[in-house]
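Please read the structure below before turning to the comments.
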Amino acid sequence: MPIYEFKCKACEGRFELLISLSRVNEAMCPVCGSNDVKRLMSTFAAHVSGHSSSHSSNCAGCASGHCGSCGCGH
Ligand SMILES: [Zn+2]
């Protein structure tokens with residue numbers, strides 16, 4: 001089940017929900033309880049796109065194995 005990030009229009013809070021796509025419209029803010037929320041682009045999906053492989057521990061894309069340059073998040 002995917003994680004979606006939402007922004008609450010009522011309290012301006014951001015939160016993430018593990019929810020199926022068919023139930024996204026039922027999402028509500030855990031802070032104020034409003035269901036006036038907007039789904040944001042997932043940060044996870046943004047990381048994956050443009051990367052062919054998924055790194056588990058060490059980064060294969062940079063020599064040091066600890067990277068702030070190749071964008072893999074390690
Ligand atoms: Zn809220």
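In the structure tokens, each chain is lettered A, B, ... as it comes, each chain's residues begin at 1, and ligands are numbered from 1 in order of appearance.
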
Contacts of ligand 1, 9 Å or closer, only C-alpha atoms and all ligand atoms, given as a PyMOL selection string: chain A and resi 7-15+28-37

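Reported to one decimal place, the separation of atom CA of A:Lys38 from atom CA of A:Met1 is 18.8 Å.
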